[in-house]
$ cat protein_8.cif   # mmCIF, C-alpha atoms
data_target
loop_
_atom_site.label_atom_id
_atom_site.label_comp_id
_atom_site.auth_asym_id
_atom_site.auth_seq_id
_atom_site.Cartn_x
_atom_site.Cartn_y
_atom_site.Cartn_z
CA MET O 1 10.74 10.02 27.28
CA GLU O 2 8.24 11.75 29.56
CA GLU O 3 6.70 13.54 26.57
CA CYS O 4 6.24 10.21 24.78
CA LYS O 5 4.44 8.82 27.83
CA ARG O 6 2.18 11.88 28.01
CA ASN O 7 1.35 11.54 24.31
CA LEU O 8 0.49 7.88 24.80
CA VAL O 9 -1.78 8.72 27.73
CA ASP O 10 -3.46 11.44 25.65
CA GLU O 11 -4.00 9.01 22.77
CA GLU O 12 -5.47 6.42 25.12
CA ALA O 13 -7.84 9.01 26.64
CA LYS O 14 -8.95 10.16 23.20
CA ALA O 15 -9.45 6.58 22.01
CA SER O 16 -11.58 5.74 25.04
CA VAL O 17 -14.05 8.42 23.90
CA ASP O 18 -13.71 8.09 20.10
CA ILE O 19 -14.57 4.38 20.09
CA TRP O 20 -18.19 5.24 20.97
CA ARG O 21 -18.60 6.97 17.60
CA TYR O 22 -18.27 3.55 16.01
CA VAL O 23 -20.56 1.87 18.49
CA PHE O 24 -23.45 4.33 18.08
CA GLY O 25 -22.43 6.28 14.98
CA PHE O 26 -25.54 5.35 13.04
CA ALA O 27 -27.59 7.49 15.44
CA ASP O 28 -26.30 10.61 13.63
CA ILE O 29 -27.72 9.43 10.30
CA ALA O 30 -30.95 8.03 11.77
CA ALA O 31 -31.78 11.22 13.68
CA ALA O 32 -31.10 13.38 10.62
CA LYS O 33 -33.33 11.12 8.52
CA CYS O 34 -36.06 11.47 11.15
CA ALA O 35 -35.86 15.27 10.91
CA ILE O 36 -36.16 15.08 7.11
CA ASP O 37 -39.04 12.57 7.23
CA LEU O 38 -40.98 14.78 9.65
CA LYS O 39 -40.06 17.95 7.71
CA ILE O 40 -38.85 19.57 10.94
CA PRO O 41 -36.66 22.16 9.17
CA GLU O 42 -39.64 23.26 7.04
CA ALA O 43 -41.89 23.49 10.09
CA ILE O 44 -39.45 25.79 11.87
CA GLU O 45 -38.77 27.85 8.73
CA ASN O 46 -42.48 28.38 8.07
CA HIS O 47 -43.38 29.19 11.68
CA PRO O 48 -45.53 32.33 11.44
CA SER O 49 -44.19 33.98 14.57
CA SER O 50 -40.86 35.78 14.60
CA GLN O 51 -40.15 33.86 17.82
CA PRO O 52 -38.32 30.50 17.93
CA MET O 53 -40.67 27.52 17.69
CA THR O 54 -41.54 25.86 21.00
CA LEU O 55 -41.63 22.12 21.47
CA ALA O 56 -45.44 22.20 21.80
CA GLU O 57 -45.79 24.16 18.56
CA LEU O 58 -43.34 21.92 16.72
CA SER O 59 -44.90 18.66 17.91
CA SER O 60 -48.34 19.91 16.87
CA THR O 61 -47.12 20.99 13.44
CA VAL O 62 -45.29 17.76 12.58
CA SER O 63 -47.77 15.49 14.42
CA ALA O 64 -45.16 13.97 16.68
CA SER O 65 -45.08 12.74 20.27
CA PRO O 66 -43.75 15.64 22.39
CA SER O 67 -41.67 13.37 24.61
CA HIS O 68 -39.99 11.57 21.69
CA LEU O 69 -39.58 14.76 19.68
CA ARG O 70 -37.92 16.49 22.64
CA ARG O 71 -35.29 13.74 22.74
CA ILE O 72 -34.69 13.88 18.99
CA MET O 73 -34.35 17.66 19.11
CA ARG O 74 -32.02 17.48 22.11
CA PHE O 75 -29.76 15.19 20.12
CA LEU O 76 -29.91 17.30 16.94
CA VAL O 77 -29.25 20.51 18.88
CA HIS O 78 -26.21 18.88 20.45
CA GLN O 79 -25.00 17.96 16.94
CA GLY O 80 -25.39 21.56 15.83
CA ILE O 81 -28.15 20.84 13.32
CA PHE O 82 -30.71 23.04 15.14
CA LYS O 83 -30.36 25.73 17.80
CA GLU O 84 -32.32 25.95 21.05
CA VAL O 85 -32.62 29.54 22.23
CA PRO O 86 -34.59 31.43 24.91
CA ILE O 87 -37.90 32.99 23.98
CA LYS O 88 -38.57 36.61 24.97
CA ASP O 89 -40.37 35.71 28.17
CA GLY O 90 -37.23 33.97 29.34
CA LEU O 91 -39.26 31.11 30.80
CA THR O 92 -39.20 28.76 27.82
CA THR O 93 -36.97 27.93 24.88
CA GLY O 94 -37.64 27.36 21.22
CA TYR O 95 -35.90 25.97 18.16
CA THR O 96 -34.42 27.77 15.17
CA ASN O 97 -32.86 26.54 11.96
CA THR O 98 -29.17 26.67 11.09
CA PRO O 99 -27.47 26.62 7.68
CA LEU O 100 -27.03 22.87 8.20
CA SER O 101 -30.69 22.14 9.02
CA ARG O 102 -31.77 24.15 5.96
CA ARG O 103 -29.72 21.73 3.88
CA MET O 104 -32.10 19.03 5.13
CA MET O 105 -35.26 20.57 3.66
CA ILE O 106 -36.76 17.93 1.38
CA THR O 107 -39.06 20.50 -0.22
CA LYS O 108 -36.26 22.92 -1.18
CA ARG O 109 -34.67 22.88 -4.63
CA ASP O 110 -32.34 25.78 -3.94
CA GLY O 111 -28.98 24.28 -4.78
CA LYS O 112 -28.11 23.69 -1.12
CA SER O 113 -30.40 20.95 0.21
CA LEU O 114 -29.08 17.39 0.09
CA ALA O 115 -32.14 15.90 1.79
CA PRO O 116 -32.99 13.59 -1.16
CA PHE O 117 -29.41 12.28 -1.03
CA VAL O 118 -29.74 11.52 2.70
CA LEU O 119 -33.01 9.64 2.11
CA PHE O 120 -31.46 7.70 -0.77
CA GLU O 121 -28.41 6.60 1.21
CA THR O 122 -30.56 5.67 4.22
CA SER O 123 -33.02 3.59 2.17
CA ARG O 124 -33.27 -0.12 2.88
CA GLU O 125 -31.75 -0.90 -0.51
CA MET O 126 -28.62 1.14 0.17
CA LEU O 127 -28.12 0.29 3.85
CA ALA O 128 -28.20 -3.50 3.64
CA PRO O 129 -25.01 -3.92 1.51
CA TRP O 130 -22.90 -2.18 4.15
CA LEU O 131 -23.24 -5.22 6.40
CA ARG O 132 -21.39 -7.26 3.77
CA LEU O 133 -18.51 -4.88 3.17
CA SER O 134 -16.00 -7.17 4.89
CA SER O 135 -16.85 -10.00 2.51
CA VAL O 136 -15.68 -8.10 -0.56
CA VAL O 137 -12.56 -6.87 1.23
CA SER O 138 -11.59 -10.39 2.27
CA SER O 139 -12.29 -11.93 -1.15
CA PRO O 140 -9.26 -12.78 -3.32
CA VAL O 141 -8.67 -10.65 -6.40
CA ASN O 142 -10.71 -11.92 -9.39
CA ASP O 143 -12.77 -14.05 -7.03
CA SER O 144 -16.32 -14.89 -8.12
CA HIS O 145 -17.76 -13.70 -4.80
CA PRO O 146 -20.52 -11.16 -5.61
CA PRO O 147 -20.13 -7.53 -4.53
CA PRO O 148 -22.11 -6.49 -1.41
CA PHE O 149 -25.00 -4.86 -3.30
CA ASP O 150 -25.36 -7.80 -5.70
CA ALA O 151 -25.16 -10.30 -2.84
CA VAL O 152 -28.05 -8.62 -1.01
CA HIS O 153 -30.31 -7.89 -3.99
CA ASN O 154 -29.25 -10.64 -6.43
CA LYS O 155 -28.60 -7.94 -9.06
CA ASP O 156 -26.52 -4.80 -9.38
CA LEU O 157 -27.75 -1.32 -8.58
CA TRP O 158 -28.57 -0.44 -12.20
CA ALA O 159 -30.62 -3.58 -12.77
CA LEU O 160 -32.53 -2.98 -9.53
CA ALA O 161 -33.25 0.60 -10.61
CA GLU O 162 -34.57 -0.61 -13.98
CA ASP O 163 -36.92 -3.07 -12.26
CA ASN O 164 -38.00 -0.69 -9.50
CA PRO O 165 -39.28 2.73 -10.67
CA CYS O 166 -39.48 4.09 -7.11
CA PHE O 167 -35.84 3.23 -6.45
CA SER O 168 -34.86 4.67 -9.82
CA GLU O 169 -36.63 7.92 -8.96
CA MET O 170 -34.82 8.02 -5.61
CA ILE O 171 -31.47 7.74 -7.42
CA ASN O 172 -32.42 10.49 -9.86
CA GLU O 173 -33.56 12.84 -7.08
CA ALA O 174 -30.37 12.22 -5.08
CA MET O 175 -28.18 12.95 -8.09
CA ALA O 176 -30.30 15.97 -9.04
CA CYS O 177 -29.97 17.66 -5.65
CA ASP O 178 -26.19 17.35 -5.83
CA THR O 179 -26.31 18.62 -9.41
CA ARG O 180 -28.20 21.75 -8.36
CA ARG O 181 -25.46 22.33 -5.79
CA VAL O 182 -22.31 21.69 -7.80
CA VAL O 183 -23.01 22.37 -11.50
CA PRO O 184 -23.31 26.16 -11.01
CA ARG O 185 -19.83 25.98 -9.42
CA VAL O 186 -18.61 24.05 -12.46
CA ALA O 187 -20.15 26.63 -14.81
CA ARG O 188 -18.37 29.48 -13.00
CA ALA O 189 -15.03 27.65 -13.08
CA CYS O 190 -15.35 26.56 -16.71
CA ASP O 191 -17.20 29.36 -18.47
CA ASP O 192 -14.36 29.65 -20.99
CA LEU O 193 -14.73 26.00 -22.00
CA PHE O 194 -18.11 26.54 -23.61
CA ASP O 195 -17.01 29.34 -25.94
CA GLY O 196 -17.62 28.10 -29.47
CA VAL O 197 -19.45 25.01 -28.22
CA ALA O 198 -22.84 24.54 -29.92
CA THR O 199 -23.88 21.14 -28.56
CA VAL O 200 -23.31 19.37 -25.23
CA VAL O 201 -24.29 15.81 -24.30
CA ASP O 202 -24.67 15.02 -20.59
CA VAL O 203 -23.81 11.33 -20.28
CA GLY O 204 -25.78 9.62 -17.52
CA GLY O 205 -27.73 12.83 -17.06
CA GLY O 206 -30.65 11.30 -15.14
CA ASN O 207 -33.62 13.64 -15.05
CA GLY O 208 -31.83 16.33 -17.05
CA GLU O 209 -31.01 18.69 -14.19
CA ALA O 210 -27.33 19.21 -15.08
CA VAL O 211 -27.70 19.98 -18.77
CA GLY O 212 -30.72 22.13 -17.92
CA ILE O 213 -28.47 24.31 -15.76
CA LEU O 214 -25.78 24.43 -18.45
CA VAL O 215 -28.15 25.65 -21.18
CA LYS O 216 -29.38 28.40 -18.84
CA GLU O 217 -25.82 29.47 -18.01
CA PHE O 218 -24.74 29.25 -21.67
CA PRO O 219 -27.90 29.92 -23.69
CA TRP O 220 -26.24 29.42 -27.08
CA ILE O 221 -25.81 25.70 -26.28
CA LYS O 222 -28.17 22.96 -27.43
CA GLY O 223 -28.22 20.31 -24.68
CA PHE O 224 -28.82 16.59 -24.89
CA ASN O 225 -29.67 14.57 -21.80
CA PHE O 226 -28.41 11.04 -22.49
CA ASP O 227 -29.25 8.09 -20.25
CA LEU O 228 -30.77 4.61 -20.26
CA PRO O 229 -34.24 4.41 -21.85
CA HIS O 230 -36.10 3.73 -18.59
CA VAL O 231 -34.49 6.86 -17.10
CA ILE O 232 -35.27 9.03 -20.11
CA GLU O 233 -38.93 7.93 -20.03
CA VAL O 234 -39.44 9.97 -16.84
CA ALA O 235 -36.90 12.76 -17.45
CA GLN O 236 -37.92 16.41 -17.28
CA VAL O 237 -38.95 18.29 -20.41
CA LEU O 238 -36.73 21.38 -20.40
CA ASP O 239 -36.25 24.26 -22.80
CA GLY O 240 -33.13 23.82 -24.89
CA VAL O 241 -32.71 20.17 -23.87
CA GLU O 242 -33.47 17.03 -25.86
CA ASN O 243 -33.77 13.74 -23.96
CA VAL O 244 -32.08 10.83 -25.71
CA GLY O 245 -32.17 7.19 -24.64
CA GLY O 246 -29.25 4.85 -25.18
CA ASP O 247 -26.31 3.03 -23.61
CA MET O 248 -23.00 4.77 -23.05
CA PHE O 249 -21.20 1.44 -23.49
CA ASP O 250 -22.47 1.25 -27.07
CA SER O 251 -22.15 4.83 -28.31
CA ILE O 252 -22.73 8.45 -27.31
CA PRO O 253 -24.51 11.03 -29.50
CA LYS O 254 -22.23 13.30 -31.54
CA CYS O 255 -21.59 16.74 -30.02
CA ASP O 256 -18.98 19.45 -29.51
CA ALA O 257 -18.46 18.63 -25.83
CA VAL O 258 -19.39 15.81 -23.47
CA PHE O 259 -20.33 16.53 -19.86
CA ILE O 260 -20.16 13.56 -17.49
CA LYS O 261 -20.69 13.91 -13.73
CA TRP O 262 -20.37 11.18 -11.09
CA VAL O 263 -20.59 8.37 -13.63
CA LEU O 264 -17.03 7.17 -14.15
CA HIS O 265 -16.48 6.50 -10.44
CA ASP O 266 -19.16 3.79 -10.66
CA TRP O 267 -16.92 1.67 -12.87
CA GLY O 268 -13.55 -0.06 -12.73
CA ASP O 269 -10.70 0.93 -15.04
CA LYS O 270 -11.67 -1.33 -17.97
CA ASP O 271 -15.24 -0.03 -18.14
CA CYS O 272 -14.14 3.53 -17.36
CA ILE O 273 -11.74 3.48 -20.31
CA LYS O 274 -14.48 2.10 -22.57
CA ILE O 275 -16.85 4.93 -21.59
CA LEU O 276 -14.10 7.52 -22.07
CA LYS O 277 -13.27 6.14 -25.51
CA ASN O 278 -16.94 6.45 -26.49
CA CYS O 279 -16.92 10.02 -25.17
CA LYS O 280 -13.84 10.70 -27.31
CA GLU O 281 -15.55 9.24 -30.38
CA ALA O 282 -18.54 11.53 -29.86
CA VAL O 283 -16.66 14.85 -30.12
CA PRO O 284 -14.69 16.37 -33.03
CA ALA O 285 -10.95 15.84 -33.05
CA ASN O 286 -9.99 19.50 -33.46
CA ILE O 287 -12.14 21.21 -30.79
CA GLY O 288 -13.66 18.30 -28.87
CA LYS O 289 -13.45 18.09 -25.10
CA VAL O 290 -14.87 15.97 -22.31
CA VAL O 291 -15.76 17.74 -19.06
CA ILE O 292 -15.58 15.27 -16.17
CA VAL O 293 -16.91 16.13 -12.70
CA GLU O 294 -15.49 13.66 -10.19
CA SER O 295 -13.54 13.47 -6.97
CA VAL O 296 -9.75 13.30 -6.96
CA ILE O 297 -8.26 11.58 -3.93
CA ARG O 298 -5.29 13.46 -2.53
CA GLU O 299 -1.83 11.91 -2.53
CA ASN O 300 1.28 12.52 -0.39
CA LYS O 301 -0.90 13.55 2.55
CA LYS O 302 1.81 13.16 5.18
CA THR O 303 3.99 15.83 3.57
CA MET O 304 1.22 18.42 3.29
CA ILE O 305 -0.06 21.26 5.42
CA VAL O 306 -3.82 20.93 5.01
CA GLU O 307 -6.48 23.46 5.93
CA GLU O 308 -9.44 22.24 7.97
CA ARG O 309 -11.94 22.62 5.10
CA ASP O 310 -9.67 20.67 2.74
CA GLU O 311 -9.33 17.91 5.33
CA LYS O 312 -13.11 17.68 5.72
CA LEU O 313 -13.62 17.55 1.95
CA GLU O 314 -11.01 14.81 1.73
CA HIS O 315 -12.89 12.86 4.39
CA VAL O 316 -16.02 13.05 2.22
CA ARG O 317 -14.06 11.76 -0.79
CA LEU O 318 -12.74 8.83 1.24
CA MET O 319 -16.24 8.06 2.54
CA LEU O 320 -17.47 8.14 -1.04
CA ASP O 321 -14.83 5.56 -1.96
CA MET O 322 -16.30 3.28 0.70
CA VAL O 323 -19.74 3.87 -0.84
CA MET O 324 -18.37 2.73 -4.20
CA MET O 325 -17.07 -0.45 -2.61
CA ALA O 326 -20.40 -1.21 -0.92
CA HIS O 327 -22.75 -0.25 -3.76
CA THR O 328 -20.96 -0.95 -7.04
CA SER O 329 -19.18 -3.95 -8.50
CA THR O 330 -15.91 -2.29 -9.52
CA GLY O 331 -16.35 1.44 -8.87
CA LYS O 332 -13.84 3.55 -6.97
CA GLU O 333 -12.69 7.11 -6.31
CA ARG O 334 -9.40 7.80 -8.07
CA THR O 335 -6.18 9.60 -7.32
CA LEU O 336 -4.76 11.92 -9.97
CA LYS O 337 -2.32 9.18 -10.93
CA GLU O 338 -5.25 6.80 -11.50
CA TRP O 339 -7.12 9.44 -13.55
CA ASP O 340 -3.95 9.97 -15.56
CA PHE O 341 -3.88 6.25 -16.38
CA VAL O 342 -7.48 5.92 -17.61
CA LEU O 343 -7.35 9.17 -19.60
CA ASN O 344 -4.14 8.16 -21.34
CA GLU O 345 -5.44 4.65 -22.02
CA ALA O 346 -8.57 6.16 -23.56
CA GLY O 347 -6.37 8.13 -25.96
CA PHE O 348 -6.76 11.71 -24.84
CA ALA O 349 -3.93 14.04 -25.83
CA ARG O 350 -3.94 16.06 -22.63
CA TYR O 351 -6.05 17.09 -19.67
CA GLU O 352 -6.25 19.71 -16.96
CA VAL O 353 -7.81 19.71 -13.51
CA ARG O 354 -9.65 22.66 -11.97
CA ASP O 355 -10.27 22.85 -8.25
CA ILE O 356 -13.74 24.22 -7.42
CA ASP O 357 -13.34 24.03 -3.62
CA ASP O 358 -15.71 21.08 -3.41
CA VAL O 359 -15.85 17.32 -3.00
CA GLN O 360 -15.59 17.10 -6.79
CA CYS O 361 -13.10 18.62 -9.17
CA VAL O 362 -13.42 19.35 -12.89
CA ILE O 363 -11.20 17.33 -15.21
CA ILE O 364 -11.17 18.57 -18.81
CA ALA O 365 -9.86 16.03 -21.31
CA TYR O 366 -8.86 17.23 -24.79
CA LEU O 367 -8.45 15.31 -28.03
CA SER O 368 -5.81 17.61 -29.48
CA SER O 369 -2.52 18.66 -27.93
CA MET O 370 -1.73 22.34 -27.40
CA GLU O 371 -0.33 24.04 -30.48
CA HIS O 372 1.49 26.78 -28.59
CA GLY O 373 2.93 27.28 -25.16
CA PRO O 374 3.74 24.85 -22.35
CA GLU O 375 1.70 21.83 -21.39
CA PRO O 376 -1.16 22.70 -19.01
CA THR O 377 -0.50 22.42 -15.30
CA ILE O 378 -2.76 21.34 -12.47
CA GLU O 379 -4.52 24.42 -11.10
CA ASP O 380 -4.43 24.83 -7.33
CA MET O 381 -4.80 21.14 -6.54
CA ARG O 382 -2.73 21.23 -3.34
CA GLY O 383 -0.83 17.96 -3.27
CA LEU O 384 -2.54 16.03 -6.05
CA ASN O 385 0.62 14.58 -7.56
CA PRO O 386 0.28 12.37 -10.66
CA SER O 387 3.80 11.00 -10.40
#

$ encode --input "protein_8.cif" --output "structure tokens"
Amino acid sequence: MEECKRNLVDEEAKASVDIWRYVFGFADIAAAKCAIDLKIPEAIENHPSSQPMTLAELSSTVSASPSHLRRIMRFLVHQGIFKEVPIKDGLTTGYTNTPLSRRMMITKRDGKSLAPFVLFETSREMLAPWLRLSSVVSSPVNDSHPPPFDAVHNKDLWALAEDNPCFSEMINEAMACDTRRVVPRVARACDDLFDGVATVVDVGGGNGEAVGILVKEFPWIKGFNFDLPHVIEVAQVLDGVENVGGDMFDSIPKCDAVFIKWVLHDWGDKDCIKILKNCKEAVPANIGKVVIVESVIRENKKTMIVEERDEKLEHVRLMLDMVMMAHTSTGKERTLKEWDFVLNEAGFARYEVRDIDDVQCVIIAYLSSMEHGPEPTIEDMRGLNPS
């Protein structure tokens, strides 16, 4: 009884502090955006001296008010984004980068920076729908109430991107920076999948970043970057890659393998199945495969022992599901059971899931069943139970 009382007191004490995260939580995002806008990580990284960068030096370099910059840096140091350390003379301090702040370099294309993604998600277009999230949650199923993004902009995200080239470019840059980060991981985990594959179509490939990486990793492949015409008009011209305009809901160019990353989560089950069926139609029945890079929401959480990194990755997946609710009409992150449903409905014979220790997993869907041996099992998915 006494232990229960102590636990309740502890929970109350924790709650009295945690509630402030929801009162002022946006300050985390806003301060990070400020650092990216001012290119503070670049200024510190490019500082010519081997010493940490003083406030005076930093404010001069980024053309910022010293008093305001000091407060921003104090906040970001407290959050662990930058470090404040003594300078040799011991009388003053200066700032240094951390692995986290380097991931906020807008000028870096190193496969680590997610700065373009931060700027995309903190744009006016993407922030406004969040204020209407409760309206879609409270709407009856099959209600005609528009989704949050549509209600704010009077059109869905894809229509807005088609009408607004700057917004379209922001989407492409956000997706590209994640692609530079995760596709090399996919290539390492799936190098065997591209043996004997001559052609790959990246469905919804944006500026061509993903298929560009794949043809470098597997130089025998001919790559096709497939997206809507207005996206293809401004796509990169890359060696070994052909840009093709079209609509994945109509048809997908013929190939040996389809690669599709962070596309299916934008759509509800009906549309997702339609896209998957078109992917299936594009590849040959005997050797064809569809390589899907998406999140898989964990199931049976209460019965699991979860490592801290896994728990943090799961938090990102759950946040991403909220993003889908705010920014798409029917999109969602799926559990393995939900992936099992759409893949079976689309007519695939079998599939396997490969964990790449990331927010996303790799789901490989095959047209033909295995000729020999047991059915494939889920590899190291730690609690992702399709039953």

$ resolve_selection --input "protein_8.cif" --expression "the PyMOL selection byres ((chain O and resi 182) around 12)" --output "PDB file with C-alpha atoms, in the coordinates of the input"
ATOM      1  CA  ASP O 110     -32.340  25.780  -3.940  1.00  0.00           C
ATOM      2  CA  GLY O 111     -28.980  24.280  -4.780  1.00  0.00           C
ATOM      3  CA  LYS O 112     -28.110  23.690  -1.120  1.00  0.00           C
ATOM      4  CA  SER O 113     -30.400  20.950   0.210  1.00  0.00           C
ATOM      5  CA  LEU O 114     -29.080  17.390   0.090  1.00  0.00           C
ATOM      6  CA  MET O 175     -28.180  12.950  -8.090  1.00  0.00           C
ATOM      7  CA  ALA O 176     -30.300  15.970  -9.040  1.00  0.00           C
ATOM      8  CA  CYS O 177     -29.970  17.660  -5.650  1.00  0.00           C
ATOM      9  CA  ASP O 178     -26.190  17.350  -5.830  1.00  0.00           C
ATOM     10  CA  THR O 179     -26.310  18.620  -9.410  1.00  0.00           C
ATOM     11  CA  ARG O 180     -28.200  21.750  -8.360  1.00  0.00           C
ATOM     12  CA  ARG O 181     -25.460  22.330  -5.790  1.00  0.00           C
ATOM     13  CA  VAL O 183     -23.010  22.370 -11.500  1.00  0.00           C
ATOM     14  CA  PRO O 184     -23.310  26.160 -11.010  1.00  0.00           C
ATOM     15  CA  ARG O 185     -19.830  25.980  -9.420  1.00  0.00           C
ATOM     16  CA  VAL O 186     -18.610  24.050 -12.460  1.00  0.00           C
ATOM     17  CA  ALA O 187     -20.150  26.630 -14.810  1.00  0.00           C
ATOM     18  CA  ARG O 188     -18.370  29.480 -13.000  1.00  0.00           C
ATOM     19  CA  ALA O 189     -15.030  27.650 -13.080  1.00  0.00           C
ATOM     20  CA  GLU O 209     -31.010  18.690 -14.190  1.00  0.00           C
ATOM     21  CA  ALA O 210     -27.330  19.210 -15.080  1.00  0.00           C
ATOM     22  CA  ILE O 213     -28.470  24.310 -15.760  1.00  0.00           C
ATOM     23  CA  LEU O 214     -25.780  24.430 -18.450  1.00  0.00           C
ATOM     24  CA  LYS O 261     -20.690  13.910 -13.730  1.00  0.00           C
ATOM     25  CA  TRP O 262     -20.370  11.180 -11.090  1.00  0.00           C
ATOM     26  CA  VAL O 293     -16.910  16.130 -12.700  1.00  0.00           C
ATOM     27  CA  GLU O 294     -15.490  13.660 -10.190  1.00  0.00           C
ATOM     28  CA  ILE O 356     -13.740  24.220  -7.420  1.00  0.00           C
ATOM     29  CA  ASP O 357     -13.340  24.030  -3.620  1.00  0.00           C
ATOM     30  CA  ASP O 358     -15.710  21.080  -3.410  1.00  0.00           C
ATOM     31  CA  VAL O 359     -15.850  17.320  -3.000  1.00  0.00           C
ATOM     32  CA  GLN O 360     -15.590  17.100  -6.790  1.00  0.00           C
ATOM     33  CA  CYS O 361     -13.100  18.620  -9.170  1.00  0.00           C
ATOM     34  CA  VAL O 362     -13.420  19.350 -12.890  1.00  0.00           C
TER      35      VAL O 362
END

$ residues_around --input "protein_8.cif" --residues "Lys88 (chain O)" --least-positions-apart "2" --cutoff "12 Å" --atoms "only C-alpha atoms" --output "tab-separated table (two decimals) with C-alpha atoms, keeping the file's coordinate frame"
chain	number	residue	atom	x	y	z
O	50	SER	CA	-40.86	35.78	14.60
O	51	GLN	CA	-40.15	33.86	17.82
O	52	PRO	CA	-38.32	30.50	17.93
O	53	MET	CA	-40.67	27.52	17.69
O	54	THR	CA	-41.54	25.86	21.00
O	85	VAL	CA	-32.62	29.54	22.23
O	86	PRO	CA	-34.59	31.43	24.91
O	90	GLY	CA	-37.23	33.97	29.34
O	91	LEU	CA	-39.26	31.11	30.80
O	92	THR	CA	-39.20	28.76	27.82
O	93	THR	CA	-36.97	27.93	24.88
O	94	GLY	CA	-37.64	27.36	21.22

$ residues_around --input "protein_8.cif" --residues "region 30-37 of chain O" --least-positions-apart "2" --cutoff "12 Å" --atoms "only C-alpha atoms" --output "number ranges by chain"
O: 24-28, 39-44, 58-59, 62-64, 68-82, 97, 100-108, 113-123, 127

$ residues_around --input "protein_8.cif" --residues "Asp271 (chain O)" --least-positions-apart "4" --cutoff "10 Å" --atoms "all atoms listed in the file" --output "PyMOL selection string"
chain O and resi 249+264+266-267+275-277+330-331+342

$ closest_residue --input "protein_8.cif" --among "O:Leu228, O:Ala365, O:Val323, O:Met170" --to "Leu343 (chain O)" --atoms "all atoms listed in the file"
O:Ala365

$ atom_distance --input "protein_8.cif" --atom1 "CA of Gly268 (chain O)" --atom2 "CA of Asp150 (chain O)"
15.8 Å

$ atom_distance --input "protein_8.cif" --atom1 "CA of Pro148 (chain O)" --atom2 "CA of His327 (chain O)"
6.7 Å

$ resolve_selection --input "protein_8.cif" --expression "the PyMOL selection byres ((chain O and resi 256) around 6)" --output "MDAnalysis selection string"
chainID O and resid 197 199 255 257 283 288

$ atom_distance --input "protein_8.cif" --atom1 "CA of Pro165 (chain O)" --atom2 "CA of Glu233 (chain O)"
10.7 Å

$ closest_residue --input "protein_8.cif" --among "O:Leu238, O:Glu333, O:Leu367, O:Pro253" --to "Asn286 (chain O)" --atoms "all atoms listed in the file"
O:Leu367
